Amino acid sequence: MNFELSEEQKMIQQSVERFVQENYDLPKRVEISSKDPGYNKDYWGSMAELGWLGLPFNEEDGGFGGNQIDTLVIMEQFGKGLVLEPFLANVVLGGGAIQMGGSEELKREILPSLIEGTKQVTLAYAEQQSRFDLEDVATSARQEGDKYIINGQKSMVLNAESADHLVVVTRTSGGQVDEEGITLFLVDSNTKGLEKQNFPTVDGLRASEITLENVEVNTERMIGDIDNGFEILKAVSNNGILALCAEAVGAMEILYKDTVEYTQQREQFDHPLSDFQVLQHRMVDMFMEYEQCKSLLFRATMETIQDPKMAQKTIHALKHLIGKSGIFVGENAVQLHGGMGVTEELRIGHFFKRLLVIDSQFGNADFHLDKFTDF
Amino acid sequence: MNFELSEEQKMIQQSVERFVQENYDLPKRVEISSKDPGYNKDYWGSMAELGWLGLPFNEEDGGFGGNQIDTLVIMEQFGKGLVLEPFLANVVLGGGAIQMGGSEELKREILPSLIEGTKQVTLAYAEQQSRFDLEDVATSARQEGDKYIINGQKSMVLNAESADHLVVVTRTSGGQVDEEGITLFLVDSNTKGLEKQNFPTVDGLRASEITLENVEVNTERMIGDIDNGFEILKAVSNNGILALCAEAVGAMEILYKDTVEYTQQREQFDHPLSDFQVLQHRMVDMFMEYEQCKSLLFRATMETIQDPKMAQKTIHALKHLIGKSGIFVGENAVQLHGGMGVTEELRIGHFFKRLLVIDSQFGNADFHLDKFTDF
Amino acid sequence: MDIELSSEDLAFRDEVRAFFEENKIKEGEDYFSWRLGWFKKAREKGGWDVPKWPAKFGGPGWTPTQHYIWEQETARATIPFDLPFGLGMLAPILMSYGSKEQQERFMPDIRDRKVNWCQGYSEPGAGSDLANLKTKAVLSDDGSYYTVNGSKIWTTLAHVADWIFCLTRTDDSGIKQQGITFLLFPMKQEGIEVKPIITLGGSHTVNTVHFTDVKVPVENRIGEEGKGWTYAKGLLEHERTGLAGLSKSLVEVEQLKENARSVQRGNGTLMDDSSYKSKVAELEIDLMATEYTELRSLANAAAGEELGPESSILKLKGTEIKQRIQKLTVEASGIYSSAWGDGGIGFPFAKGGTGGYLNSRYFTIYGGASEVQKDVIAKKVLGLTKGSKK
Amino acid sequence: MDIELSSEDLAFRDEVRAFFEENKIKEGEDYFSWRLGWFKKAREKGGWDVPKWPAKFGGPGWTPTQHYIWEQETARATIPFDLPFGLGMLAPILMSYGSKEQQERFMPDIRDRKVNWCQGYSEPGAGSDLANLKTKAVLSDDGSYYTVNGSKIWTTLAHVADWIFCLTRTDDSGIKQQGITFLLFPMKQEGIEVKPIITLGGSHTVNTVHFTDVKVPVENRIGEEGKGWTYAKGLLEHERTGLAGLSKSLVEVEQLKENARSVQRGNGTLMDDSSYKSKVAELEIDLMATEYTELRSLANAAAGEELGPESSILKLKGTEIKQRIQKLTVEASGIYSSAWGDGGIGFPFAKGGTGGYLNSRYFTIYGGASEVQKDVIAKKVLGLTKGSKK
């Protein structure tokens, strides 16, 4: 039982920390976010060069054979700057699905260029009616010779605007909410019949609604076995949750620390705000929420590496706590910053927005509490 | 729309207030509670003499024709002293059921002696498996000639130890949780086959488990129509809720005011406790909970008088809020009193216990929140 | 105690309803001319265009119950928008402290909705500590005008306002509540710069306003020099009650439930989800209680008692309720809560929901932060003032 | 980062389990002789009878992980009761500050569970402000003994204790943390009166203790006169970690769920009730997080870092979790939660449940109230100390 990072992990941590400090102050972030494609291509290139994009991939696919702790290290630091580059969409979700279920050919085709930063992949899983249920898939894929024909809509697809490929979750058999009968396909972004409606998200990132109308895809672009895509989707979703929660922990750290600092500087009624016991205790609560989230993040991540099946309950616990605590910390950071907290001018509001969005991704606090009670 | 008490109500209020101040300091209460029958018979006599026991009964039955506001006025003051005399069991529950559903003969037989304080009646409705569901009645009453034979068990029957009669809720037809098929009977306490297991309750009152084994009761002791007792039970239960909530509001007033006073006297770290902003805000929260409960109590009571059917939703809201807020106020009164709060020596602990018991009677906070969502 | 409205009150309610019904905007009607017409007709009803003004200034002179009925009905009706600054904030001060000339000069335009006012109280760095203000007004040697320099912040709709009523400091030698002077001056003049503040919800409502050598004739001063705090203060408590906005919340909760019922979950809707419906129920219960807390407070007012610091309870509970409504809207939007802007992604109600929630965080900050309201209750209601603070 | 126990640790865990299993009480065996036998066998294992004592005083000299394993296993095993006062509280002070003579005189009897100790720290009127103590100890002119007068409160098990370790005031001229002297003396002597305090749950565990002219030989003083606070203080933080009691809570949550599953509701049980099971789930999740907060803290300790004010987090979260378990037991008992005493009314688990809940309110008060713990974190961890307090 050991919570120390390895020497390599410490080096990555320091390197990401430095990157965020140098490149991600608020004005810079706002500037990057407001221009297409919503992130900085040079930064993306640097991330590839520094090897971050290859970290969790197997060595035979051009990666460095890292695990979820390496991703945690990167995402926690990203959370401290609200990094905009599509690491989650590419490395954890899209790339993660291919790594887990793609054929050797597919991995060789896609992963090296993803790791080099030259091609992008994302995951299209949610649908309007599905809310947070991964197994609720109405988008159909119907076999026709050596092709499948996909019809349906996908919602809130992260970074689809820049993605060259999409891992599309489809239904090949069974009822709309069956876990069986789900199949994943790698679809090229420019395939005929695939339309994107791009829009910004609350946290300054990008997402798209995707319409698929008689989109054709070759059978060899199937990821994993026919009708058995759910296991892959679930595992990718779990990794997505771990990565998002690591980012959230980084963001919560900024929020509580910024609040501590601000209240010490700001005077009201002839005292620094930090002198008021009620505000002190509120900050203690924020700090404790942060620490508890960090503890559960470590637990869920370590358990996932040891035994993903056993870790499922802890992952539900984590996503619940991060959702609830993240919003608690965000709301109170805003409250303690007073009027300034409700403006776009201070960074805390932006961190709060990110935590709000994280709660709505891969199931919110209520959803995971409910799932937790099934164990 | 008017929140003023009538002149008569003000007089009753003052009279009850004086009674409580003169007769219900903590040592006195502890003494009364620890001796059989768990209340003071002289006090009971005085209450009868002062006309309090007859207040809500119809004038033709020897009462004064009061309504739920009169009961509220009495119970709120009782709550400030944790009065032990069985007003709720007799006047609101047992007597209330007879008033609502009893035949003229039954009313003439029972109510005058109840109002005079010479005979006592209580209500036996709950059962081990029923938890808070009024309609869950397994105790059976089977007709045999002009008699009914009752078999079953009744739980947590308030004041049964002293009761001369019990209004027993039985099932005469239908399934165990049907609203139809419930019938009420007035059973004499000393009837053959009726056994009482008496015990003290957490709040220093008395209750009993009742076993009924082939207990015979005449058909004319039926209260209300056969199979249609549920409406009466429901109405009596609603009146019980209003009365308990009025008592709770009185108890909450004592708790928050005692806490305000105690923290002003008690020094810690060279300051009176009341100087600490965190404790100040906690007391503000306690005060606000009290005020909100009082508001909802007025609302539910006034709506019940105007239209009991329409008031049902508000009664669920009230019992939910009183349960939640009562425990919040109680726990924090204890917390702010520190170690002393956890002893039997200060009165606040006793008020807290009463609020805890009130939450468990006629359905707790969760139960009524759930019922509320049905509207 | 009695819950029923008197027959007079019932008749009044019917009259109000009928008026609102008759004067709804018609299809295709121009909004702004309808709006002015509406106020004209309301005026003809006997001062319904200025419901809160006392009779001697042309208001309807209603009882507290009538005011309550009016507020309830307006929350449900289609009536024109109206801003509180001139009508509800400046006018009462003019009535109490303005000279006859000032009343005659300013009040008709306020009543006719001709002039938009904004309120210049808050300053950068002062937060809820309003009296801690630094905008300087220096009287000219001849005593004919003030020169104003300084900044205001959170100035709602300053960018569309014609005039400002403004607290300025004319003396900083005494305690900070003294030496404050209440001035009125036009916004569209040299030396006034208005800068937008974009709030988290992405909207522009509030501003920073900078004054550089703005000249204000001395006849634009309300009352005496140095007494401005006294004039402004009484109104702050009134403002708090208004901030509760319970009637509006009642309507919004109904809308919330309707929205949740439009979100399908399995064989039911989101309103069948037990955690979600429990949260809505708790919200409704708190709102039901707060409504009666307000009524009790109105009844006290009707009985001639002052609206006191209890109004802080209403502000605290009322704003928290409004925030919870917004939060539950975000939750109902599910994955679509993260869509930004007017793209119309997902559920119709999701649009703007998250922005609304983010902006709603302001409710517990402005008009005296919740923490300050609790300090007020602790001090004024519970009497927790002895000893030194820690 | 690595979650797995080393093979040595796993072997240790198996050894502990085997020991507990082998030495369980047998049917019909006398409890007290079993208990003493158990400690004897534990001693033969190499100091397992005094797990927290360092090796040089005969303890096992375990790693933090081994201590953690031990705590987890004890929570689940049938082992004899043990009191913390002599073994866990006084002994470390004797080891650090006692003279060799004092160590030899007192520690063997503590280890053999022969002498029951109680702790005389808290005083009436002092609450969480422990240093504010008034029990006076006056040194005789010949310097051979102290005369102790005063009162202690919340003295756990004083009514069955043989000895007390006691903070007394020998000087009140300086700041209150100074002039405190640490004395040991027997409880069964003239001049000591023990009065029971009955707690809300109806039980007698704590007492008030009054001293009238109690004579204490000077050789019963630990360390120097006036330094007692320093000796006692270090231990308080240690005590807080122990108060979290997470392993025990884990076992209790399982019991709670089992109890709730025995309560029939409709076609299911109380664990199918969505509000109830959500509350249990939230409790479990907080417990899961707190367990790892404790492990992180232990890992820091293992890395040689001091157990600091972070232990306050564990005390705060741990005691709150224990209270929630008690509260949910009361809720599970339904109507039977109001039955008092040993009547055995209703569900078997309902008996004593409400008393347990009432007594559990004390968890957030003793050992430094939760509010004081938060003050400590604000000051020591967040560094919120600048300026004057308000």
# chains A, B, ... in the order shown; residues from 1 in each chain; ligands from 1
>>> interface_residues(of="chain B", to="chain C", cutoff="9 Å", atoms="only C-alpha atoms", output="mmCIF file with N, CA and C atoms, in the first residue's frame")
data_model
loop_
_atom_site.group_PDB
_atom_site.id
_atom_site.type_symbol
_atom_site.label_atom_id
_atom_site.label_comp_id
_atom_site.auth_asym_id
_atom_site.auth_seq_id
_atom_site.Cartn_x
_atom_site.Cartn_y
_atom_site.Cartn_z
ATOM 1 N N MET B 1 -57.561 36.994 5.479
ATOM 2 C CA MET B 1 -56.282 36.380 5.876
ATOM 3 C C MET B 1 -55.792 37.071 7.135
ATOM 4 N N ASN B 2 -55.715 36.292 8.203
ATOM 5 C CA ASN B 2 -55.521 36.931 9.503
ATOM 6 C C ASN B 2 -54.888 35.917 10.451
ATOM 7 N N PHE B 3 -53.777 36.314 11.079
ATOM 8 C CA PHE B 3 -53.063 35.383 11.953
ATOM 9 C C PHE B 3 -53.298 35.668 13.433
ATOM 10 N N GLU B 4 -54.184 36.570 13.722
ATOM 11 C CA GLU B 4 -54.458 36.930 15.110
ATOM 12 C C GLU B 4 -55.310 35.854 15.784
ATOM 13 N N LEU B 5 -55.006 35.604 17.053
ATOM 14 C CA LEU B 5 -55.880 34.731 17.825
ATOM 15 C C LEU B 5 -57.095 35.525 18.287
ATOM 16 N N SER B 6 -58.196 34.819 18.491
ATOM 17 C CA SER B 6 -59.364 35.482 19.071
ATOM 18 C C SER B 6 -59.090 35.797 20.539
ATOM 19 N N ILE B 69 -57.414 25.137 15.687
ATOM 20 C CA ILE B 69 -56.586 26.256 16.158
ATOM 21 C C ILE B 69 -56.563 26.289 17.681
ATOM 22 N N LYS B 257 -34.206 29.207 22.016
ATOM 23 C CA LYS B 257 -34.024 30.296 22.986
ATOM 24 C C LYS B 257 -33.067 29.899 24.110
ATOM 25 N N VAL B 260 -29.590 30.236 22.722
ATOM 26 C CA VAL B 260 -29.167 31.635 22.654
ATOM 27 C C VAL B 260 -28.717 32.102 24.040
ATOM 28 N N GLN B 264 -24.644 32.801 25.524
ATOM 29 C CA GLN B 264 -24.261 34.139 25.985
ATOM 30 C C GLN B 264 -23.601 34.088 27.356
ATOM 31 N N HIS B 271 -13.989 34.094 25.481
ATOM 32 C CA HIS B 271 -15.135 34.809 24.914
ATOM 33 C C HIS B 271 -16.407 34.050 25.250
ATOM 34 N N PRO B 272 -17.517 34.762 25.400
ATOM 35 C CA PRO B 272 -18.775 34.026 25.463
ATOM 36 C C PRO B 272 -18.950 33.254 24.149
ATOM 37 N N SER B 274 -21.375 32.875 22.407
ATOM 38 C CA SER B 274 -22.238 33.597 21.462
ATOM 39 C C SER B 274 -21.469 34.595 20.618
ATOM 40 N N ASP B 275 -20.205 34.835 20.934
ATOM 41 C CA ASP B 275 -19.410 35.728 20.094
ATOM 42 C C ASP B 275 -18.912 35.068 18.825
ATOM 43 N N PHE B 276 -18.944 33.736 18.811
ATOM 44 C CA PHE B 276 -18.377 33.041 17.655
ATOM 45 C C PHE B 276 -19.372 33.038 16.502
ATOM 46 N N GLN B 277 -18.927 33.570 15.374
ATOM 47 C CA GLN B 277 -19.837 33.762 14.243
ATOM 48 C C GLN B 277 -20.452 32.454 13.761
ATOM 49 N N GLN B 280 -23.224 31.756 16.013
ATOM 50 C CA GLN B 280 -24.299 32.727 15.740
ATOM 51 C C GLN B 280 -25.127 32.291 14.536
ATOM 52 N N HIS B 281 -24.430 31.937 13.463
ATOM 53 C CA HIS B 281 -25.173 31.555 12.257
ATOM 54 C C HIS B 281 -25.944 30.252 12.459
ATOM 55 N N MET B 283 -27.306 29.373 15.203
ATOM 56 C CA MET B 283 -28.523 29.748 15.934
ATOM 57 C C MET B 283 -29.518 30.459 15.021
ATOM 58 N N VAL B 284 -29.006 31.225 14.077
ATOM 59 C CA VAL B 284 -29.897 31.851 13.091
ATOM 60 C C VAL B 284 -30.611 30.759 12.292
ATOM 61 N N ASP B 285 -29.863 29.734 11.911
ATOM 62 C CA ASP B 285 -30.485 28.628 11.174
ATOM 63 C C ASP B 285 -31.564 27.950 12.026
ATOM 64 N N PHE B 287 -33.269 29.294 14.455
ATOM 65 C CA PHE B 287 -34.381 30.243 14.540
ATOM 66 C C PHE B 287 -35.221 30.225 13.264
ATOM 67 N N MET B 288 -34.551 30.195 12.139
ATOM 68 C CA MET B 288 -35.301 30.208 10.876
ATOM 69 C C MET B 288 -36.100 28.925 10.696
ATOM 70 N N GLU B 291 -39.173 29.334 12.725
ATOM 71 C CA GLU B 291 -40.148 30.240 12.100
ATOM 72 C C GLU B 291 -40.831 29.581 10.903
ATOM 73 N N GLN B 292 -40.064 28.858 10.115
ATOM 74 C CA GLN B 292 -40.642 28.199 8.939
ATOM 75 C C GLN B 292 -41.630 27.104 9.360
ATOM 76 N N CYS B 293 -41.277 26.381 10.412
ATOM 77 C CA CYS B 293 -42.183 25.340 10.909
ATOM 78 C C CYS B 293 -43.473 25.970 11.421
ATOM 79 N N LYS B 294 -43.333 27.064 12.109
ATOM 80 C CA LYS B 294 -44.495 27.752 12.639
ATOM 81 C C LYS B 294 -45.399 28.229 11.497
ATOM 82 N N SER B 295 -44.798 28.763 10.463
ATOM 83 C CA SER B 295 -45.567 29.219 9.305
ATOM 84 C C SER B 295 -46.341 28.065 8.682
ATOM 85 N N LEU B 296 -45.655 26.950 8.503
ATOM 86 C CA LEU B 296 -46.312 25.823 7.853
ATOM 87 C C LEU B 296 -47.369 25.200 8.774
ATOM 88 N N LEU B 297 -47.127 25.263 10.067
ATOM 89 C CA LEU B 297 -48.142 24.791 11.020
ATOM 90 C C LEU B 297 -49.415 25.628 10.903
ATOM 91 N N PHE B 298 -49.257 26.935 10.864
ATOM 92 C CA PHE B 298 -50.426 27.806 10.685
ATOM 93 C C PHE B 298 -51.138 27.465 9.385
ATOM 94 N N ARG B 299 -50.351 27.319 8.344
ATOM 95 C CA ARG B 299 -50.943 27.049 7.036
ATOM 96 C C ARG B 299 -51.736 25.749 7.042
ATOM 97 N N MET B 302 -54.917 26.058 9.288
ATOM 98 C CA MET B 302 -55.966 26.881 8.692
ATOM 99 C C MET B 302 -56.577 26.199 7.472
ATOM 100 N N GLU B 303 -55.758 25.563 6.674
ATOM 101 C CA GLU B 303 -56.287 24.865 5.497
ATOM 102 C C GLU B 303 -57.154 23.672 5.903
ATOM 103 N N ILE B 305 -59.014 23.423 8.525
ATOM 104 C CA ILE B 305 -60.318 23.929 8.949
ATOM 105 C C ILE B 305 -61.148 24.313 7.727
ATOM 106 N N GLN B 306 -60.485 24.910 6.758
ATOM 107 C CA GLN B 306 -61.218 25.358 5.572
ATOM 108 C C GLN B 306 -61.660 24.179 4.695
ATOM 109 N N THR B 314 -50.562 19.708 2.351
ATOM 110 C CA THR B 314 -49.859 20.582 3.293
ATOM 111 C C THR B 314 -49.534 19.850 4.586
ATOM 112 N N ALA B 317 -46.487 17.964 3.988
ATOM 113 C CA ALA B 317 -45.367 18.917 3.981
ATOM 114 C C ALA B 317 -44.972 19.270 5.420
ATOM 115 N N LEU B 318 -45.975 19.521 6.228
ATOM 116 C CA LEU B 318 -45.730 19.928 7.615
ATOM 117 C C LEU B 318 -45.000 18.843 8.404
ATOM 118 N N HIS B 320 -43.263 16.413 7.375
ATOM 119 C CA HIS B 320 -41.900 16.268 6.865
ATOM 120 C C HIS B 320 -40.987 17.345 7.466
ATOM 121 N N LEU B 321 -41.426 18.579 7.362
ATOM 122 C CA LEU B 321 -40.573 19.691 7.800
ATOM 123 C C LEU B 321 -40.328 19.654 9.299
ATOM 124 N N LEU B 369 -42.462 12.920 3.034
ATOM 125 C CA LEU B 369 -41.932 13.489 1.789
ATOM 126 C C LEU B 369 -42.399 12.625 0.623
ATOM 127 N N ASP B 370 -42.335 11.331 0.838
ATOM 128 C CA ASP B 370 -42.762 10.393 -0.175
ATOM 129 C C ASP B 370 -44.256 10.560 -0.482
ATOM 130 N N PHE B 372 -45.961 13.221 -0.031
ATOM 131 C CA PHE B 372 -46.115 14.546 -0.646
ATOM 132 C C PHE B 372 -45.930 14.460 -2.163
ATOM 133 N N THR B 373 -44.971 13.617 -2.578
ATOM 134 C CA THR B 373 -44.702 13.547 -4.019
ATOM 135 C C THR B 373 -45.848 12.901 -4.797
#
>>> select_by_dssp(residues="region 49-265 of chain A", states="alpha helix (DSSP H)", output="PyMOL selection string")
chain A and resi 49+68-79+87+95-101+104-116+229-265
>>> residues_around(residues="Val115 (chain D)", least_positions_apart="4", cutoff="9 Å", atoms="only C-alpha atoms", output="list in words")
Gly86, Phe106, Asp109, Ile110, Arg111, Ala161, Asp162 and Trp163 of chain D
>>> residues_around(residues="Asp142 (chain C)", least_positions_apart="4", cutoff="12 Å", atoms="only C-alpha atoms", output="PyMOL selection string")
chain C and resi 138+146+217-218
>>> write_last_selection(atoms="N, CA and C atoms", output="PDB file, in the first residue's frame")
ATOM      1  N   VAL C 138     -17.093  66.834  -4.537  1.00  0.00           N
ATOM      2  CA  VAL C 138     -16.532  68.035  -3.903  1.00  0.00           C
ATOM      3  C   VAL C 138     -17.366  69.241  -4.317  1.00  0.00           C
ATOM      4  N   TYR C 146     -21.427  70.114  -7.481  1.00  0.00           N
ATOM      5  CA  TYR C 146     -20.444  69.131  -6.998  1.00  0.00           C
ATOM      6  C   TYR C 146     -19.647  68.603  -8.180  1.00  0.00           C
ATOM      7  N   PRO C 217     -25.213  69.865 -10.482  1.00  0.00           N
ATOM      8  CA  PRO C 217     -25.742  71.076  -9.833  1.00  0.00           C
ATOM      9  C   PRO C 217     -26.252  70.755  -8.438  1.00  0.00           C
ATOM     10  N   VAL C 218     -26.106  71.678  -7.522  1.00  0.00           N
ATOM     11  CA  VAL C 218     -26.444  71.407  -6.128  1.00  0.00           C
ATOM     12  C   VAL C 218     -27.942  71.155  -5.954  1.00  0.00           C
TER      13      VAL C 218
END
>>> residues_around(residues="region 245-248 of chain D", least_positions_apart="3", cutoff="7 Å", atoms="only C-alpha atoms", output="PyMOL selection string")
chain D and resi 71-72+75+242+251-252+291+318
>>> write_last_selection(atoms="all heavy atoms", output="mmCIF file, in the first residue's frame")
data_model
loop_
_atom_site.group_PDB
_atom_site.id
_atom_site.type_symbol
_atom_site.label_atom_id
_atom_site.label_comp_id
_atom_site.auth_asym_id
_atom_site.auth_seq_id
_atom_site.Cartn_x
_atom_site.Cartn_y
_atom_site.Cartn_z
ATOM 1 N N GLU D 71 -5.840 -2.968 13.181
ATOM 2 C CA GLU D 71 -7.082 -2.259 13.510
ATOM 3 C C GLU D 71 -8.256 -2.829 12.718
ATOM 4 O O GLU D 71 -9.336 -3.051 13.260
ATOM 5 C CB GLU D 71 -6.937 -0.761 13.229
ATOM 6 C CG GLU D 71 -7.935 0.077 14.018
ATOM 7 C CD GLU D 71 -8.275 1.394 13.353
ATOM 8 O OE1 GLU D 71 -7.377 2.000 12.729
ATOM 9 O OE2 GLU D 71 -9.448 1.819 13.455
ATOM 10 N N GLN D 72 -7.997 -3.089 11.450
ATOM 11 C CA GLN D 72 -9.067 -3.652 10.614
ATOM 12 C C GLN D 72 -9.524 -5.002 11.139
ATOM 13 O O GLN D 72 -10.711 -5.300 11.196
ATOM 14 C CB GLN D 72 -8.561 -3.816 9.192
ATOM 15 C CG GLN D 72 -8.457 -2.494 8.463
ATOM 16 C CD GLN D 72 -8.883 -2.646 7.034
ATOM 17 O OE1 GLN D 72 -8.469 -3.567 6.352
ATOM 18 N NE2 GLN D 72 -9.744 -1.763 6.570
ATOM 19 N N ALA D 75 -11.560 -4.958 14.441
ATOM 20 C CA ALA D 75 -12.938 -4.498 14.300
ATOM 21 C C ALA D 75 -13.871 -5.663 13.991
ATOM 22 O O ALA D 75 -15.054 -5.621 14.321
ATOM 23 C CB ALA D 75 -13.026 -3.443 13.201
ATOM 24 N N GLY D 242 -7.490 8.261 16.652
ATOM 25 C CA GLY D 242 -8.141 7.075 17.185
ATOM 26 C C GLY D 242 -9.648 7.223 17.217
ATOM 27 O O GLY D 242 -10.383 6.268 16.998
ATOM 28 N N VAL D 251 -17.823 -2.152 9.981
ATOM 29 C CA VAL D 251 -18.576 -3.292 10.491
ATOM 30 C C VAL D 251 -20.007 -2.859 10.832
ATOM 31 O O VAL D 251 -20.974 -3.554 10.516
ATOM 32 C CB VAL D 251 -17.875 -3.885 11.728
ATOM 33 C CG1 VAL D 251 -18.684 -5.026 12.306
ATOM 34 C CG2 VAL D 251 -16.464 -4.329 11.369
ATOM 35 N N GLU D 252 -20.117 -1.694 11.419
ATOM 36 C CA GLU D 252 -21.444 -1.207 11.817
ATOM 37 C C GLU D 252 -22.339 -0.914 10.617
ATOM 38 O O GLU D 252 -23.559 -1.106 10.685
ATOM 39 C CB GLU D 252 -21.306 0.042 12.693
ATOM 40 C CG GLU D 252 -20.790 -0.289 14.094
ATOM 41 C CD GLU D 252 -20.441 0.956 14.906
ATOM 42 O OE1 GLU D 252 -20.619 2.080 14.394
ATOM 43 O OE2 GLU D 252 -19.982 0.808 16.044
ATOM 44 N N GLU D 291 -11.724 6.304 4.636
ATOM 45 C CA GLU D 291 -10.752 5.224 4.802
ATOM 46 C C GLU D 291 -9.446 5.536 4.076
ATOM 47 O O GLU D 291 -8.369 5.322 4.603
ATOM 48 C CB GLU D 291 -11.292 3.936 4.166
ATOM 49 C CG GLU D 291 -12.146 3.077 5.033
ATOM 50 C CD GLU D 291 -12.474 1.802 4.266
ATOM 51 O OE1 GLU D 291 -13.444 1.843 3.467
ATOM 52 O OE2 GLU D 291 -11.755 0.814 4.420
ATOM 53 N N GLY D 318 -14.914 11.040 10.766
ATOM 54 C CA GLY D 318 -15.146 9.761 11.432
ATOM 55 C C GLY D 318 -16.290 9.839 12.434
ATOM 56 O O GLY D 318 -17.155 8.953 12.477
#
>>> select_by_dssp(residues="region 90-322 of chain B", states="strand (DSSP E)", output="ChimeraX atom specification")
/B:121-124,140-144,147-158,165-171,182-188,194-200,206-218,222-223,267-268,271-272
>>> atom_distance(atom1="CA of Gly98 (chain C)", atom2="CA of Gly61 (chain C)")
20.4 Å
>>> residues_around(residues="Lys26 (chain D)", least_positions_apart="4", cutoff="12 Å", atoms="only C-alpha atoms", output="ChimeraX atom specification")
/D:21-22,30-31,33-35,38,78-79
>>> write_last_selection(atoms="N, CA and C atoms", output="compact mmCIF listing (two decimals), in the first residue's frame")
# COMPACT_ATOMS: atom_id res chain seq x y z
N GLU D 21 -8.69 -16.20 15.65
CA GLU D 21 -9.56 -17.35 15.49
C GLU D 21 -9.28 -18.40 16.56
N GLU D 22 -8.00 -18.66 16.78
CA GLU D 22 -7.60 -19.68 17.76
C GLU D 22 -8.03 -19.31 19.18
N ASP D 30 -15.29 -18.67 31.21
CA ASP D 30 -15.45 -17.47 32.03
C ASP D 30 -14.78 -16.28 31.33
N TYR D 31 -15.57 -15.21 31.17
CA TYR D 31 -15.09 -14.08 30.37
C TYR D 31 -13.78 -13.51 30.92
N SER D 33 -11.46 -14.68 32.97
CA SER D 33 -10.22 -15.45 32.93
C SER D 33 -9.78 -15.65 31.47
N TRP D 34 -10.74 -15.77 30.57
CA TRP D 34 -10.39 -15.81 29.14
C TRP D 34 -9.63 -14.54 28.74
N ARG D 35 -10.16 -13.42 29.22
CA ARG D 35 -9.59 -12.13 28.86
C ARG D 35 -8.11 -12.05 29.28
N TRP D 38 -6.04 -14.31 27.22
CA TRP D 38 -5.87 -13.79 25.86
C TRP D 38 -4.68 -12.82 25.82
N THR D 78 -13.54 -11.32 17.53
CA THR D 78 -13.99 -11.38 18.92
C THR D 78 -12.75 -11.30 19.81
N ILE D 79 -12.52 -10.13 20.34
CA ILE D 79 -11.36 -10.00 21.22
C ILE D 79 -11.83 -9.34 22.50
>>> closest_residue(among="A:Ile315, A:Met11, A:Val73, A:Val157", to="Thr211 (chain A)", atoms="only C-alpha atoms")
A:Val157
>>> residues_around(residues="region 213-215 of chain C", least_positions_apart="6", cutoff="8 Å", atoms="only C-alpha atoms", output="ChimeraX atom specification")
/C:145-149,190-192
>>> atom_distance(atom1="CA of Tyr24 (chain A)", atom2="CA of Asn58 (chain A)")
29.6 Å
>>> atom_distance(atom1="CA of Glu231 (chain A)", atom2="CA of Glu179 (chain A)")
8.6 Å
